file model.tsv (TSV, C-alpha atoms)
chain	number	residue	atom	x	y	z
Y	670	MET	CA	222.77	102.91	172.33
Y	671	ALA	CA	221.75	105.50	169.75
Y	672	LEU	CA	218.38	105.13	168.10
Y	673	PRO	CA	218.24	104.68	164.34
Y	674	ASP	CA	217.01	107.58	162.17
Y	675	VAL	CA	213.64	105.85	161.84
Y	676	PRO	CA	212.68	104.39	165.22
Y	677	THR	CA	212.15	100.63	165.20
Y	678	ILE	CA	209.49	99.24	167.52
Y	679	LEU	CA	209.57	95.61	168.61
Y	680	ILE	CA	206.12	94.19	169.49
Y	681	VAL	CA	206.27	91.09	171.66
Y	682	ASP	CA	202.81	89.50	171.97
Y	683	ASP	CA	201.61	85.94	171.48
Y	684	ASP	CA	198.36	87.12	169.84
Y	685	GLU	CA	198.97	87.12	166.07
Y	686	ASP	CA	196.04	89.46	165.41
Y	687	ILE	CA	197.36	92.05	167.87
Y	688	ARG	CA	200.83	91.85	166.34
Y	689	ALA	CA	199.40	92.38	162.86
Y	690	LEU	CA	197.06	95.20	163.92
Y	691	LEU	CA	199.70	97.13	165.87
Y	692	GLY	CA	202.35	96.48	163.24
Y	693	ASP	CA	200.21	97.93	160.45
Y	694	TYR	CA	199.15	100.90	162.58
Y	695	LEU	CA	202.68	101.82	163.69
Y	696	ARG	CA	204.09	101.42	160.19
Y	697	GLY	CA	201.38	103.80	159.01
Y	698	ALA	CA	202.61	106.26	161.65
Y	699	GLY	CA	206.14	106.17	160.22
Y	700	PHE	CA	207.85	103.56	162.40
Y	701	GLU	CA	209.78	100.47	161.45
Y	702	VAL	CA	208.21	97.46	163.17
Y	703	ARG	CA	209.38	93.99	164.11
Y	704	THR	CA	207.27	91.42	165.91
Y	705	ALA	CA	207.82	88.37	168.09
Y	706	ALA	CA	205.48	85.89	169.73
Y	707	ASP	CA	207.65	84.97	172.72
Y	708	GLY	CA	210.95	85.50	174.49
Y	709	LYS	CA	212.97	83.50	171.96
Y	710	GLY	CA	211.55	85.57	169.11
Y	711	MET	CA	212.28	88.76	171.06
Y	712	ARG	CA	215.93	87.83	171.50
Y	713	ARG	CA	216.26	86.97	167.80
Y	714	ALA	CA	214.78	90.36	166.86
Y	715	LEU	CA	217.11	92.18	169.27
Y	716	ALA	CA	220.12	90.35	167.85
Y	717	TYR	CA	219.10	91.22	164.29
Y	718	GLY	CA	219.63	94.96	164.70
Y	719	ALA	CA	218.98	98.16	166.65
Y	720	ILE	CA	215.59	98.42	168.39
Y	721	SER	CA	214.31	101.77	169.68
Y	722	LEU	CA	211.55	100.55	172.02
Y	723	VAL	CA	209.92	97.26	173.05
Y	724	VAL	CA	206.16	96.84	173.49
Y	725	LEU	CA	206.04	93.81	175.77
Y	726	ASP	CA	202.94	91.80	176.68
Y	727	LEU	CA	202.79	90.58	180.27
Y	728	MET	CA	201.14	87.22	179.53
Y	729	LEU	CA	203.40	85.24	177.22
Y	730	PRO	CA	203.99	81.51	176.77
Y	731	GLY	CA	207.18	80.29	178.43
Y	732	GLU	CA	208.97	83.29	179.91
Y	733	ASP	CA	206.41	85.89	180.92
Y	734	GLY	CA	206.70	89.61	180.34
Y	735	LEU	CA	208.01	90.33	183.83
Y	736	SER	CA	210.89	87.87	183.43
Y	737	LEU	CA	211.73	89.30	180.01
Y	738	CYS	CA	211.54	92.86	181.37
Y	739	ARG	CA	213.96	91.92	184.16
Y	740	ALA	CA	216.34	90.33	181.65
Y	741	LEU	CA	216.22	93.34	179.32
Y	742	ARG	CA	216.79	95.80	182.12
Y	743	ALA	CA	219.77	93.82	183.41
Y	744	GLU	CA	221.65	94.43	180.18
Y	745	SER	CA	220.31	97.65	178.64
Y	746	THR	CA	218.31	100.86	179.10
Y	747	LEU	CA	216.09	100.06	176.10
Y	748	PRO	CA	212.68	101.71	176.65
Y	749	ILE	CA	209.92	99.22	177.50
Y	750	ILE	CA	206.13	99.67	177.45
Y	751	MET	CA	204.32	96.82	179.21
Y	752	LEU	CA	200.90	95.61	178.08
Y	753	THR	CA	198.86	94.28	181.00
Y	754	ALA	CA	195.42	92.86	181.77
Y	755	ARG	CA	192.96	95.12	183.54
Y	756	SER	CA	193.06	93.01	186.72
Y	757	ALA	CA	196.86	92.77	186.97
Y	758	VAL	CA	197.43	95.74	189.31
Y	759	VAL	CA	200.14	93.97	191.31
Y	760	ASP	CA	201.91	92.90	188.11
Y	761	ARG	CA	201.89	96.50	186.86
Y	762	ILE	CA	203.54	97.63	190.10
Y	763	ILE	CA	206.13	94.86	189.79
Y	764	GLY	CA	206.72	95.89	186.19
Y	765	ILE	CA	207.45	99.45	187.30
Y	766	GLU	CA	209.81	98.17	189.97
Y	767	MET	CA	211.63	96.07	187.38
Y	768	GLY	CA	212.16	99.08	185.18
Y	769	CYS	CA	209.47	99.29	182.49
Y	770	ASP	CA	209.06	102.90	181.31
Y	771	ASP	CA	205.28	102.85	180.92
Y	772	TYR	CA	202.36	100.44	180.83
Y	773	LEU	CA	199.06	100.20	179.00
Y	774	VAL	CA	196.01	98.22	180.07
Y	775	LYS	CA	194.28	95.91	177.59
Y	776	PRO	CA	192.03	96.49	175.73
Y	777	PHE	CA	193.38	99.80	174.43
Y	778	ASP	CA	193.09	102.10	171.45
Y	779	PRO	CA	196.15	101.90	169.14
Y	780	ARG	CA	196.17	105.71	169.13
Y	781	GLU	CA	196.90	105.69	172.85
Y	782	LEU	CA	199.79	103.26	172.37
Y	783	LEU	CA	201.16	105.50	169.60
Y	784	ALA	CA	200.99	108.52	171.91
Y	785	ARG	CA	202.77	106.63	174.69
Y	786	ILE	CA	205.48	105.36	172.34
Y	787	ARG	CA	206.17	108.89	171.14
Y	788	SER	CA	206.20	110.18	174.71
Y	789	VAL	CA	208.61	107.48	175.95
Y	790	LEU	CA	210.94	108.02	172.99
Y	791	ARG	CA	210.99	111.77	173.69
Y	792	ARG	CA	211.68	111.16	177.37
Y	793	SER	CA	214.35	108.56	176.63
Y	794	GLY	CA	216.73	111.36	175.72
Y	795	GLU	CA	217.94	109.60	172.58
Y	796	HIS	CA	215.92	111.74	170.14
Y	797	LEU	CA	215.80	114.93	172.19
Y	798	ALA	CA	217.82	115.21	175.40
Y	799	PRO	CA	216.79	117.87	177.92
Y	800	ALA	CA	219.22	120.80	177.85
Y	801	GLU	CA	220.33	120.22	181.43
Y	802	TYR	CA	221.56	116.71	180.52
Y	803	LYS	CA	223.69	118.05	177.65
Y	804	ARG	CA	225.68	120.49	179.75
Y	805	VAL	CA	227.05	117.83	182.11
Y	806	SER	CA	229.01	114.80	180.97
Y	807	ARG	CA	229.15	113.03	184.35
Y	808	TYR	CA	228.12	113.30	187.99
Y	809	ARG	CA	230.24	112.02	190.91
Y	810	PHE	CA	228.60	111.38	194.28
Y	811	ALA	CA	229.46	109.24	197.31
Y	812	GLY	CA	231.88	107.14	195.26
Y	813	TRP	CA	229.36	106.59	192.44
Y	814	VAL	CA	229.67	107.97	188.89
Y	815	LEU	CA	226.84	108.59	186.42
Y	816	GLU	CA	228.03	108.99	182.82
Y	817	VAL	CA	225.29	111.04	181.17
Y	818	SER	CA	225.92	110.30	177.49
Y	819	SER	CA	226.11	106.51	177.93
Y	820	ARG	CA	223.72	106.45	180.92
Y	821	ASN	CA	226.16	104.16	182.71
Y	822	LEU	CA	225.91	104.25	186.50
Y	823	MET	CA	229.12	102.89	188.03
Y	824	ASP	CA	229.38	101.81	191.64
Y	825	PRO	CA	232.41	102.60	193.84
Y	826	GLU	CA	234.11	99.41	192.55
Y	827	GLY	CA	233.67	100.47	188.93
Y	828	MET	CA	230.91	97.97	188.09
Y	829	VAL	CA	228.08	99.19	185.83
Y	830	VAL	CA	224.59	99.18	187.37
Y	831	PRO	CA	221.86	99.15	184.65
Y	832	LEU	CA	219.24	101.91	184.79
Y	833	SER	CA	215.89	102.15	183.04
Y	834	GLY	CA	215.04	105.37	181.24
Y	835	VAL	CA	212.84	106.55	184.10
Y	836	GLU	CA	215.48	105.65	186.70
Y	837	PHE	CA	218.10	107.59	184.74
Y	838	ARG	CA	215.86	110.69	184.57
Y	839	LEU	CA	214.96	110.42	188.24
Y	840	LEU	CA	218.58	110.11	189.34
Y	841	THR	CA	219.64	112.95	187.04
Y	842	ALA	CA	216.91	115.21	188.42
Y	843	LEU	CA	218.17	114.55	191.96
Y	844	LEU	CA	221.85	114.91	191.02
Y	845	SER	CA	221.26	118.21	189.23
Y	846	ARG	CA	219.70	119.66	192.38
Y	847	PRO	CA	221.64	118.16	195.30
Y	848	GLN	CA	220.66	118.91	198.88
Y	849	ARG	CA	217.41	120.48	197.72
Y	850	VAL	CA	213.96	119.05	198.36
Y	851	LEU	CA	212.12	118.06	195.19
Y	852	THR	CA	208.39	117.47	195.43
Y	853	ARG	CA	206.72	114.40	193.98
Y	854	ASN	CA	205.15	116.64	191.37
Y	855	GLN	CA	208.56	118.01	190.34
Y	856	LEU	CA	209.95	114.50	190.06
Y	857	MET	CA	206.93	113.34	188.06
Y	858	GLN	CA	207.43	116.25	185.67
Y	859	ALA	CA	211.14	115.44	185.36
Y	860	THR	CA	210.60	111.74	184.69
Y	861	GLN	CA	207.26	111.52	182.88
Y	862	ARG	CA	206.45	115.10	181.77
Y	863	ARG	CA	203.12	115.21	183.62
Y	864	ASP	CA	201.78	116.29	186.97
Y	865	ALA	CA	201.47	113.76	189.74
Y	866	ASP	CA	198.05	112.43	190.69
Y	867	PRO	CA	197.60	112.80	194.48
Y	868	LEU	CA	196.88	109.05	194.70
Y	869	ASP	CA	199.66	108.00	192.33
Y	870	ARG	CA	202.51	106.37	194.28
Y	871	GLY	CA	204.59	105.75	191.15
Y	872	ILE	CA	207.36	108.16	192.20
Y	873	ASP	CA	207.62	106.47	195.59
Y	874	ILE	CA	208.03	103.11	193.85
Y	875	ARG	CA	210.69	104.56	191.51
Y	876	VAL	CA	212.60	106.10	194.43
Y	877	SER	CA	212.45	102.80	196.31
Y	878	ARG	CA	213.82	100.99	193.25
Y	879	LEU	CA	216.58	103.59	192.83
Y	880	ARG	CA	217.55	103.22	196.47
Y	881	GLN	CA	217.89	99.48	195.95
Y	882	LEU	CA	220.15	100.05	192.96
Y	883	LEU	CA	222.28	102.42	195.07
Y	884	ARG	CA	222.36	99.77	197.83
Y	885	GLU	CA	220.72	102.02	200.36
Y	886	ASP	CA	219.51	100.78	203.74
Y	887	ALA	CA	215.73	101.09	203.36
Y	888	ARG	CA	215.38	101.88	207.07
Y	889	GLU	CA	218.00	104.65	207.09
Y	890	PRO	CA	218.75	105.83	203.55
Y	891	ALA	CA	221.80	108.08	203.44
Y	892	LEU	CA	221.75	109.18	199.79
Y	893	ILE	CA	218.09	109.79	198.91
Y	894	ARG	CA	216.26	111.05	201.96
Y	895	THR	CA	212.51	111.32	202.39
Y	896	VAL	CA	211.33	114.73	203.52
Y	897	TYR	CA	207.94	113.87	204.93
Y	898	GLY	CA	205.08	115.92	203.59
Y	899	GLU	CA	207.31	117.44	200.90
Y	900	GLY	CA	209.24	114.98	198.74
Y	901	TYR	CA	212.79	113.67	198.34
Y	902	MET	CA	216.31	115.08	198.54
Y	903	LEU	CA	219.73	113.86	197.43
Y	904	ALA	CA	221.58	114.43	200.69
Y	905	VAL	CA	225.24	114.21	199.57
Y	906	GLU	CA	227.63	116.49	197.73
Y	907	VAL	CA	227.70	116.13	193.94
Y	908	ALA	CA	230.49	117.03	191.53
Y	909	ALA	CA	229.20	117.83	188.02
Y	910	GLU	CA	231.78	117.69	185.20
call {"tool": "encode", "arguments": {"input": "model.tsv", "output": "structure tokens"}}
result
Amino acid sequence: MALPDVPTILIVDDDEDIRALLGDYLRGAGFEVRTAADGKGMRRALAYGAISLVVLDLMLPGEDGLSLCRALRAESTLPIIMLTARSAVVDRIIGIEMGCDDYLVKPFDPRELLARIRSVLRRSGEHLAPAEYKRVSRYRFAGWVLEVSSRNLMDPEGMVVPLSGVEFRLLTALLSRPQRVLTRNQLMQATQRRDADPLDRGIDIRVSRLRQLLREDAREPALIRTVYGEGYMLAVEVAAE
């Protein structure tokens, strides 16, 4: 889905003060903003018109942020930034596994959220796609097809498998360099435009999630292989068209 000329941010948070504060701040930064207090309000806002990115609070009445993130990711690649409590480390990991593109721990400075929104929108490829993505329209590998422009990953039966923005960039990085070992730092740069922290296992979590989407046997993965002490490698032939 193409982003509108002026990006529209949907803030989903049950705290009215936070919605008002972030809404005013992001409008002042040049964004269109919609707000919702819960999952029902989020769905109404999404049905109303194009949304560029969702800022989604973890702790919501009714359906929580993780359930809503799972539902969003099942039907779209819409960028998602999760807002979490400082103590919710496990929930942040689950959020990454479910496909959120970034997370921010409460309390936070609105300037940091603004920086993360801009970064995720740049990485999403809708405003500015990396040159290597533009030169290839699709990748074929092991019966799978990745359509670059639509970001549709199709399984060997032709069914579409939804990808988050980070999963799309991770898979594209591997497909563009088949049968070559890519370090965790290279994959972090390709997916999040920053170097990997030695203690950050985010890439490992993303690779594990991608393997699940590709229906890999976790004990003996045939597509994405772990090269111990070095990184990961896409171990099959790839046709780029």
call {"tool": "residues_around", "arguments": {"input": "model.tsv", "residues": "stretch 839-841 of chain Y", "least_positions_apart": "5", "cutoff": "8 Å", "atoms": "all atoms listed in the file", "output": "number ranges by chain"}}
result
Y: 802, 856, 859-860, 875-876, 879
call {"tool": "closest_residue", "arguments": {"input": "model.tsv", "among": "Y:Arg780, Y:Arg884, Y:Arg807, Y:Arg846", "to": "Y:Ala904", "atoms": "all atoms listed in the file"}}
result
Y:Arg846
call {"tool": "closest_residue", "arguments": {"input": "model.tsv", "among": "Y:Ile687, Y:Val702, Y:Val905, Y:Leu783", "to": "Y:Phe810", "atoms": "all atoms listed in the file"}}
result
Y:Val905
call {"tool": "closest_residue", "arguments": {"input": "model.tsv", "among": "Y:Ala698, Y:Leu815, Y:Ala754, Y:Leu729", "to": "Y:Asp683", "atoms": "all atoms listed in the file"}}
result
Y:Leu729
call {"tool": "atom_distance", "arguments": {"input": "model.tsv", "atom1": "atom CA of Y:Asp824", "atom2": "atom CA of Y:Ala887"}}
result
18.0 Å
call {"tool": "residues_around", "arguments": {"input": "model.tsv", "residues": "Y:Tyr897", "least_positions_apart": "6", "cutoff": "12 Å", "atoms": "only C-alpha atoms", "output": "list in words"}}
result
Val850, Leu851, Thr852, Arg853 and Asp873 of chain Y
call {"tool": "atom_distance", "arguments": {"input": "model.tsv", "atom1": "atom CA of Y:Met751", "atom2": "atom CA of Y:Tyr772"}}
result
4.4 Å
